[in-house]
Structures are given as C-alpha cells and as structure tokens.
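**Q** This structure is in structure tokens; I'll ask about it shortly.
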Amino acid sequence: MEILVYLIPISLFLGGLGLLAFFWTLKTKQYDDPEGDAQRILSDEWDDKPRPDE
Amino acid sequence: MSQEVDARIMLSLPQIHCAACISAVERELSRTSGVKSARVNLTLKRVSIEAEADKTAEDMMAVLAGIGYEAHELDAGTLRATETDRRGRDLLMRLAVAGFAMMNVMMLSVAVWSGAQETTRELFHWVSAAIALPAIAFSAQPFFLSAWTMLKVRRLNMDVPISLAILLASAMSFYEVTQGGKHAYFDAALSLTFFLLAGRYLDHRTRAIARSAAEELAALEVPRAERVIGEEVVTIPIAELVVGDLVRVKPGGRMPVDGVVVDGQSELDRSLLTGETVPVFAGPDTVVSAGEVNLTGPLTVRVSAAGEDTSLHRMADLVAMAESSKNRYTSLADKAAGIYAPGVHLLSLAAFIGWLVVTGGDIRTSLNIAVAVLIITCPCALGLAVPAVTTAASGRLFRRGMLIKDATALERLAEVDTVVFDKTGTLTQGRPELINLSEFARSDLEIALALAEASAHPLAVSLATTAIAAGFKPAKLSDLREVPGYGVEGRWKGKPVRLGRAAWVGTQAGAQTATYLQIGKATPLAFTFNDRLREGAADAVAALKAQGMSLVLISGDAPAAVKDLAVRLGFDDWTAEALPQDKAARIKALSDAGAKVLMVGDGLNDTAALTAAHVSISPATALDAARVASDIVLLGNDMSPMADATVIARKATKRIMENFGIAAGYNLIAVPIALLGFATPLVAALAMSASSITVSLNALRLR
C-alpha cells in the first residue's frame, strides 16, 4: 500500500493540470460563443490560414 | 470621445442561426468600406463591428438589411459590463474548483466506503481534508457572503441553511478526522457546494444574457438633438436643450422634445404615441410632441417643453402610477425557501436535542446526526430545481426569438388567461399596404410608381414596393420634385402629374387611408391602403384563442380601422380611440375582476398598460420606454412564437413544481433515515447526487 504515497500526489497533480487548463480556457474567453465556435468549423473560409487576430 | 477613435458598433441579429449566416454577415460587413473588422457571436446572436469613426449603426443596419438580416442597434456603453462578465467567470472558476475537489475526494471516499480500515482510512481522510477545506473556503464564498448579509439584517434566505450545512459538515468532519473517527462528510460538503454553484451559475447566465440584451436594447435610442443657432447646427444631448431653443428634425428623425413648428412642411407619424396609422400634416404652428416621427421634409421646431416636462415624461408618470398599484409577485423559489429554511433548522435542532436526550448527553453523536440531517435536507435539488428549468425554458424561447427580461416572467406568463393586444405596431406593422392595385391601368400605375419612388413617405414606399413586386417599371418623368407635407410632382409627356394628399390634388379624402394620383387635369385616382398585419400575428391570435384565452383589442386608432382588424383576426372584444390612461384602466379593471392579463404592446401609449399587466410582451421595434416596461421582448419581426411562449411557460412551471416534488420526495425518504441516525456519508452522497441529477434531467425535458 506504500504505492499510495506516490499515486495520490500523482493523481492530484494530473487533476490539477486539468484544472489549470480549464482556468486557461476561461481566461482566453473560449466560452463567450460556444454555439458560434461549433458552427464556424463547418465553414471553409479560414481553412488555409488562421484568421488574423483582431 | 475624439474623432480618431474607431467606432465600435454592436448589433443584435435575431435571425442568425447557422455557419452560413456567420460567414455571410462577416463577409458582407468586412467588404463594406470603413469597416475594419466584424465578429459574430452566435450564442448571443449579435455582431460587433470595428469601423471608422464616421460610420453609424444605421449604415451597418442598411448593409445587413441588404442581405436579408434584420438588425437592431445595441448600446456599446452598457455592453462593456457584459463583456467583462466578471461575476459569471468568477462563479465558473469556483464551480471548477469545487468540481475538481469533489471528484478527487469522492474517489478517496469510495475507497473508504468499500471498507478501507485503520491507517488507510485515516490517510484518506487526511488527504480529503487537505483537499476539501481549502476548496470549500474558496468555492463556497458566494453562499457565505449572501448568508452573512442576510443574517446581518436578521433575515433568513436559502443560503443560511446552505452555509450552515457546509460549515458544520466541514468542521464536524475535520474534528472526526483528528479523532480518527469513521465518518467524514467532506464529499457531501463538496458536492453540495458543487451542485448549488451549478444552479447559481445557470441562474446567473440566464439572467446575464437576458439582462444584457434587454438593457442594451433599452439604451438603443441615443438621445441627441440638432440645435440651430443662427446658421449653425450643433448636435447636443437632449438634456442640454432649454425652452425656446430651435431644433432641426430631419426626415426620418424622431422629435426629441415637445414644441411648435416654426419652419418647414412635412408629415408626422404619430403611431407610436397615439396608435393613429395615418400620418398627419405638419406645417408652421403645428404642435408636435416628443416621440413623433418626422416623415418627408425637414422641420425646425421651437422647444416648448424639454426633458422632465415633455409629454413623454408625463407618460412616464403614468407608468410610475401603474407600477405602484401593481402587487408584487412572489416567485415559486422564494415561496419554497420561505417554508424550507426555517423547517430545516428546526428539524436538525430537534434531531440534536432528541439524540442528546436519548444518548444521555453524548454531544458528539448528537452533533453528528444533526449534521447528517442538515446535509441530507440541504436544498441541493431545490437550488437546481428552478434555475435548471428557467435556463432550459428561456434558452428554448431565445432560440425562437423571445427574450425573458424578468426572472419571474415565465411563472407569471404561465398563469395568464386574458391577452390584451395593442393594434398599431403590434398586431400590424404600422406600415400601410396597397390594396387596390388591380383597379388601375398599366400606364397610370407606371406614373404613380415613378412618382412614389421619389419619396420616403410610408404610403409612397408601400406603393412603390407593391408595384415593383407586381412587375411594373417606372414611367419616364421629368422635373421630379417632392413637396414636403403634400406629395410628389413631376411632368409626364408635357403634362403635370401629382401624387399626394387629397386636398393637394383637388379632391375629397375618402374614409380609407389613401394617396391620390392626378394626371394633367383628369379626375384624381385614389390608391387605398390597409395597415399590414405583422408576420405571424394571425397565427398567434388564433393559437391563443385556441388555448382558451380571452382576447381583447385596445387601440388608439380610429374605430373603422380597429373594427376592420378585430373582424379580420376574430376579436370579440375591441375598443378604439383609447387614451393611454384608458388602456391602463381597462387592464386594472380586468385584473381586479381576477383575470391574469398579458399585455402585448409597443407604443408609448401602451407603457402604462404594459406595466399594469400581470406580464407583458413588446416587440423589438417598440420604443425603448415600452421595452423597459415589458417583461418579455420579441426579438424578431414574426409574432407566432408568442403562442408557443405561453405553452412553454406553462410547461416550465409544471416542471418546477415537479422538481420541488422530486426534491421533497427524496427528503421524505432520506430524512427519517438521518433522524434515526442511520445516515452514513454514503447515504448522504447517494441521496444528494440522485436528487440533483433527477431534477436536472427533468428540467432538460423542456428543451
């Protein structure tokens, strides 16, 4: 059972990474227009190069 | 703001719904000169445009109208508040932390429930405590704050039992852990926080979308006026105008003040103020009121009342009176909380005292059981019951083009049994439609078309569109000239031709709305018009009637026009020439007789009635005052979603009641278990999750 000493911190660390990733998505405003983003991938308008940032 | 700053324009686009719409709108806008960038937000159904300073929202609206999208201006000032939606992001952050901690602790708890013993259990409990305590301290803050502010004024709300349960459960569990005890409720405290935060977030999001869109629409009319000083014309805010100033009002502009015309001739559209559909003539000495629309020629107006004293503001007083006489509605959630909050506290106190007596003073056991009762009865499902349903319902209504402005509007809409309609601008477009096209010779029509195209007068515009749609080409005319206030004249094959008011072409005006065409010295021909029905109005009225609502039509327009419409749409009860106070009084009389009235209206003359009604709807084309007064705004031009709205509202209220039932049912089973002291953390976790999930699923059935 000593393995738990490693496994618990590791699992917490991995979970924490997920949490940080979520914070990043929040900061970069990825939830401002979920419906629009879902639809935008269907348009082939910016397929060749990324759309320039505003 | 300086000139160099780019204009930032926000438009609401109620019709967009797909990828093709996004690219069409963005492509068309970026192709327009002066536009630097355009970005559509499909979730909020709006587009934000960066353009050069001289571009206005009207230009952009015209561009979008050209490709078939209806657009409404939003005020960028109030918009900032929604863009940096701090509260929403803050809630989401806390929700994420609570979710993360809940999952990890739950994982550890599963091990404990499946029989981890001694050291392992203690280790797991300590790790859980290390995760849970900081997570709760961070995530549950909204509840603590809200409960604290309530307690400070010695009142109870739903957050008081919530905070108490979370705090007591954490403290109790921590004590148990230090004592090497068997039961720790960290998972329960965390999932409680998580589910309740989810409810809180849903609630916030629904409100934020509605509030932003409604507030921004409300600020739509930018209050400016063009003041004339000598030869110079300066644009200033309305607030700076004083009595005696001269103000210029362009054709198409709205009167900013009450006043008297000193120069110019034109026609005025009073439909929003009085419900009259036929434009009236305006020349020197005509008295004008704020809110009327100038149609054909520029007018110079001497201000006789500005700001607080205008007729617009007197209308606002009427609204304030209606407001004060309206009884406040208590939402279902508040009613539930009112019964619930004290109940829970009493129950868990009773459990504590009861067990204290039974065990002969064993505080630890009694406290454990009291906490279990508190956790199990805690309103996880109750916290989700209402927001989950309103989110689903208002999402569905939003997709149909309806915006719920007020949190309790859905519940109130569900109770409606009487619908009162305004006519002009609500059931009808307030836009005339030519009805006797077939009565004319081709050559006459072509001349009329050529003349009509030279004017922006609503009758002329309607004539031109109808004639073009029927395949007519304008005749070749020379010397085309618009005579503001009268009509358009020109020459055709050497003969003078005129299209305009009856008196101007030398004839008597008939009973119907009409414009007259005179060729040379011939007898004038009358083109008659009907007010055009709003799209979906007939469907909406028929559907509401089929639902068993009693329908009433109240208009400020002339009896003939109102009667015609009442017959056409099947209203049994109609009133014409109603003043604003008559409308409000009628609604009050209906309400006093026990009816729950839904008022649908758009004009200034409706605002008092909209406020007095149990619940109210106004179209997006309505004046801002009307939109502010109403609970629900119809975003598109189509009126047919209105009938669905009442159905959805009734379903939503039913779901809310069902959800309360489900939550109560779970409590009924779980509370006795907790009271008898059989509640383990496992039971608490099961009861809580199961009820929350059932409640959410039940709400989702609405979508």
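By order of appearance in the structure tokens: chains A, B, ..., then residues from 1 within every chain, and ligands from 1 in the order shown.
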Produce a table with one row for each residue of chain A that has an atom at most 6 Å from any atom of chain B, each row naming the nearest atom pair and its distance in Å at one decimal; use only C-alpha atoms; arrange rows by chain and rising residue number; format as a Markdown table.
**A**
```
| residue | atom | partner | partner_atom | distance |
| --- | --- | --- | --- | --- |
| A:Asp33 | CA | B:Thr43 | CA | 5.1 |
| A:Glu35 | CA | B:Thr43 | CA | 5.2 |
| A:Gly36 | CA | B:Leu42 | CA | 4.5 |
| A:Gln39 | CA | B:Ala19 | CA | 4.8 |
| A:Arg40 | CA | B:Ala19 | CA | 5.6 |
```
**Q** What parts of stretch 544-703 of chain B does DSSP call strand (DSSP E or B)? I'd like the answer as number ranges by chain.
**A** B: 550-554, 573-575, 597-600, 615-619, 632-634
**Q** Just to be explicit: take each residue in the selection above, keep N, CA and C atoms, and write the result as a short mmCIF file (atom, residue, chain, number, x, y, z; two decimals), in the first residue's frame.
**A**
```cif
data_model
loop_
_atom_site.label_atom_id
_atom_site.label_comp_id
_atom_site.auth_asym_id
_atom_site.auth_seq_id
_atom_site.Cartn_x
_atom_site.Cartn_y
_atom_site.Cartn_z
N SER B 550 -59.08 34.64 -23.26
CA SER B 550 -60.00 35.65 -23.78
C SER B 550 -59.14 36.80 -24.32
N LEU B 551 -59.49 37.25 -25.52
CA LEU B 551 -58.67 38.22 -26.21
C LEU B 551 -59.34 39.58 -26.27
N VAL B 552 -58.56 40.63 -26.07
CA VAL B 552 -59.08 41.98 -26.10
C VAL B 552 -58.17 42.82 -26.99
N LEU B 553 -58.78 43.68 -27.81
CA LEU B 553 -58.00 44.58 -28.66
C LEU B 553 -58.30 46.01 -28.22
N ILE B 554 -57.25 46.72 -27.80
CA ILE B 554 -57.45 48.12 -27.41
C ILE B 554 -56.50 48.98 -28.22
N ASP B 573 -63.91 41.34 -28.50
CA ASP B 573 -63.90 42.49 -27.61
C ASP B 573 -62.87 43.49 -28.14
N TRP B 574 -63.35 44.64 -28.61
CA TRP B 574 -62.39 45.64 -29.07
C TRP B 574 -62.80 47.06 -28.67
N THR B 575 -61.80 47.91 -28.48
CA THR B 575 -62.03 49.30 -28.12
C THR B 575 -61.17 50.18 -29.01
N VAL B 597 -53.64 39.18 -16.72
CA VAL B 597 -53.60 39.78 -18.04
C VAL B 597 -52.19 39.79 -18.63
N LEU B 598 -52.10 39.34 -19.88
CA LEU B 598 -50.87 39.51 -20.64
C LEU B 598 -51.10 40.66 -21.60
N MET B 599 -50.27 41.70 -21.49
CA MET B 599 -50.42 42.85 -22.38
C MET B 599 -49.35 42.78 -23.45
N VAL B 600 -49.76 42.95 -24.70
CA VAL B 600 -48.81 42.98 -25.79
C VAL B 600 -48.92 44.34 -26.45
N VAL B 615 -48.20 40.35 -16.79
CA VAL B 615 -46.96 40.11 -17.52
C VAL B 615 -47.13 40.77 -18.89
N SER B 616 -46.02 41.18 -19.51
CA SER B 616 -46.18 41.93 -20.76
C SER B 616 -45.10 41.59 -21.78
N ILE B 617 -45.48 41.71 -23.03
CA ILE B 617 -44.56 41.43 -24.13
C ILE B 617 -44.52 42.63 -25.06
N SER B 618 -43.34 42.99 -25.55
CA SER B 618 -43.29 44.03 -26.57
C SER B 618 -42.31 43.61 -27.66
N PRO B 619 -42.58 44.01 -28.90
CA PRO B 619 -41.66 43.67 -29.99
C PRO B 619 -40.40 44.54 -29.93
N ILE B 632 -41.04 40.66 -21.38
CA ILE B 632 -40.51 39.81 -22.43
C ILE B 632 -40.40 40.64 -23.71
N VAL B 633 -39.29 40.49 -24.41
CA VAL B 633 -39.13 41.22 -25.67
C VAL B 633 -39.09 40.22 -26.82
N LEU B 634 -39.87 40.51 -27.85
CA LEU B 634 -39.93 39.67 -29.03
C LEU B 634 -38.86 40.19 -29.98
#
```
**Q** What does the distance from atom CA of B:Thr300 to atom CA of B:Glu482 come to in Å, to one decimal?
**A** 18.0 Å
**Q** Show which residues sit within 12 Å of A:Glu2, as a PDB file with N, CA, C and O atoms, in the first residue's frame. Count only C-alpha atoms, and ignore same-chain residues fewer than 3 positions away.
**A**
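Contents of part.pdb, freshly written:
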```pdb
ATOM      1  N   VAL A   5       1.419   6.470  -1.530  1.00  0.00           N
ATOM      2  CA  VAL A   5       2.157   7.695  -1.223  1.00  0.00           C
ATOM      3  C   VAL A   5       2.561   8.410  -2.514  1.00  0.00           C
ATOM      4  O   VAL A   5       2.621   9.626  -2.581  1.00  0.00           O
ATOM      5  N   TYR A   6       2.841   7.601  -3.548  1.00  0.00           N
ATOM      6  CA  TYR A   6       3.175   8.220  -4.843  1.00  0.00           C
ATOM      7  C   TYR A   6       1.917   8.499  -5.667  1.00  0.00           C
ATOM      8  O   TYR A   6       1.765   9.541  -6.276  1.00  0.00           O
ATOM      9  N   LEU A   7       1.035   7.492  -5.669  1.00  0.00           N
ATOM     10  CA  LEU A   7      -0.115   7.572  -6.574  1.00  0.00           C
ATOM     11  C   LEU A   7      -1.049   8.746  -6.256  1.00  0.00           C
ATOM     12  O   LEU A   7      -1.535   9.425  -7.158  1.00  0.00           O
ATOM     13  N   ILE A   8      -1.291   8.972  -4.974  1.00  0.00           N
ATOM     14  CA  ILE A   8      -2.227  10.054  -4.631  1.00  0.00           C
ATOM     15  C   ILE A   8      -1.688  11.407  -5.093  1.00  0.00           C
ATOM     16  O   ILE A   8      -2.397  12.144  -5.798  1.00  0.00           O
TER      17      ILE A   8
ATOM     18  N   THR B 119      -5.284   2.637   9.214  1.00  0.00           N
ATOM     19  CA  THR B 119      -4.350   3.649   8.722  1.00  0.00           C
ATOM     20  C   THR B 119      -4.745   4.176   7.356  1.00  0.00           C
ATOM     21  O   THR B 119      -4.669   5.372   7.085  1.00  0.00           O
ATOM     22  N   THR B 120      -5.134   3.240   6.465  1.00  0.00           N
ATOM     23  CA  THR B 120      -5.516   3.655   5.119  1.00  0.00           C
ATOM     24  C   THR B 120      -6.657   4.655   5.195  1.00  0.00           C
ATOM     25  O   THR B 120      -6.649   5.706   4.555  1.00  0.00           O
ATOM     26  N   LEU B 123      -5.477   7.914   6.488  1.00  0.00           N
ATOM     27  CA  LEU B 123      -4.696   8.621   5.469  1.00  0.00           C
ATOM     28  C   LEU B 123      -5.634   9.285   4.472  1.00  0.00           C
ATOM     29  O   LEU B 123      -5.503  10.467   4.148  1.00  0.00           O
TER      30      LEU B 123
END
```
**Q** From a DSSP calculation on the backbone, collect every residue of chain A in helix (DSSP H, G or I) and output the set as a ChimeraX atom specification.
**A** /A:3-27,34-40
**Q** Those residues you just picked out, can you put them in a file as a PDB file, in the first residue's frame with C-alpha atoms?
**A**
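Contents of again-v7.pdb, freshly written:
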```pdb
ATOM      1  CA  ILE A   3       2.481   2.894  -3.547  1.00  0.00           C
ATOM      2  CA  LEU A   4      -0.375   5.199  -2.468  1.00  0.00           C
ATOM      3  CA  VAL A   5       2.157   7.695  -1.223  1.00  0.00           C
ATOM      4  CA  TYR A   6       3.175   8.220  -4.843  1.00  0.00           C
ATOM      5  CA  LEU A   7      -0.115   7.572  -6.574  1.00  0.00           C
ATOM      6  CA  ILE A   8      -2.227  10.054  -4.631  1.00  0.00           C
ATOM      7  CA  PRO A   9       0.065  13.031  -5.276  1.00  0.00           C
ATOM      8  CA  ILE A  10       0.408  11.984  -8.923  1.00  0.00           C
ATOM      9  CA  SER A  11      -3.336  11.767  -9.441  1.00  0.00           C
ATOM     10  CA  LEU A  12      -3.830  15.088  -7.675  1.00  0.00           C
ATOM     11  CA  PHE A  13      -1.146  16.662  -9.844  1.00  0.00           C
ATOM     12  CA  LEU A  14      -2.762  15.387 -13.044  1.00  0.00           C
ATOM     13  CA  GLY A  15      -6.173  16.572 -11.898  1.00  0.00           C
ATOM     14  CA  GLY A  16      -4.623  19.921 -11.035  1.00  0.00           C
ATOM     15  CA  LEU A  17      -3.250  20.174 -14.561  1.00  0.00           C
ATOM     16  CA  GLY A  18      -6.779  19.731 -15.867  1.00  0.00           C
ATOM     17  CA  LEU A  19      -7.991  22.444 -13.523  1.00  0.00           C
ATOM     18  CA  LEU A  20      -5.280  24.831 -14.719  1.00  0.00           C
ATOM     19  CA  ALA A  21      -6.163  24.056 -18.326  1.00  0.00           C
ATOM     20  CA  PHE A  22      -9.741  24.968 -17.521  1.00  0.00           C
ATOM     21  CA  PHE A  23      -8.652  28.276 -15.999  1.00  0.00           C
ATOM     22  CA  TRP A  24      -6.705  28.971 -19.174  1.00  0.00           C
ATOM     23  CA  THR A  25      -9.770  28.358 -21.357  1.00  0.00           C
ATOM     24  CA  LEU A  26     -11.724  30.723 -19.114  1.00  0.00           C
ATOM     25  CA  LYS A  27      -9.089  33.435 -19.412  1.00  0.00           C
ATOM     26  CA  PRO A  34     -19.786  28.182 -27.795  1.00  0.00           C
ATOM     27  CA  GLU A  35     -22.520  27.880 -30.414  1.00  0.00           C
ATOM     28  CA  GLY A  36     -20.728  30.115 -32.892  1.00  0.00           C
ATOM     29  CA  ASP A  37     -17.442  28.236 -32.494  1.00  0.00           C
ATOM     30  CA  ALA A  38     -19.206  24.950 -33.105  1.00  0.00           C
ATOM     31  CA  GLN A  39     -20.671  26.319 -36.335  1.00  0.00           C
ATOM     32  CA  ARG A  40     -17.550  28.109 -37.503  1.00  0.00           C
TER      33      ARG A  40
END
```
**Q** How many Å separate atom CA of B:Ala409 from atom CA of B:Ala620?
**A**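 These atoms are spaced 17.1 Å apart.
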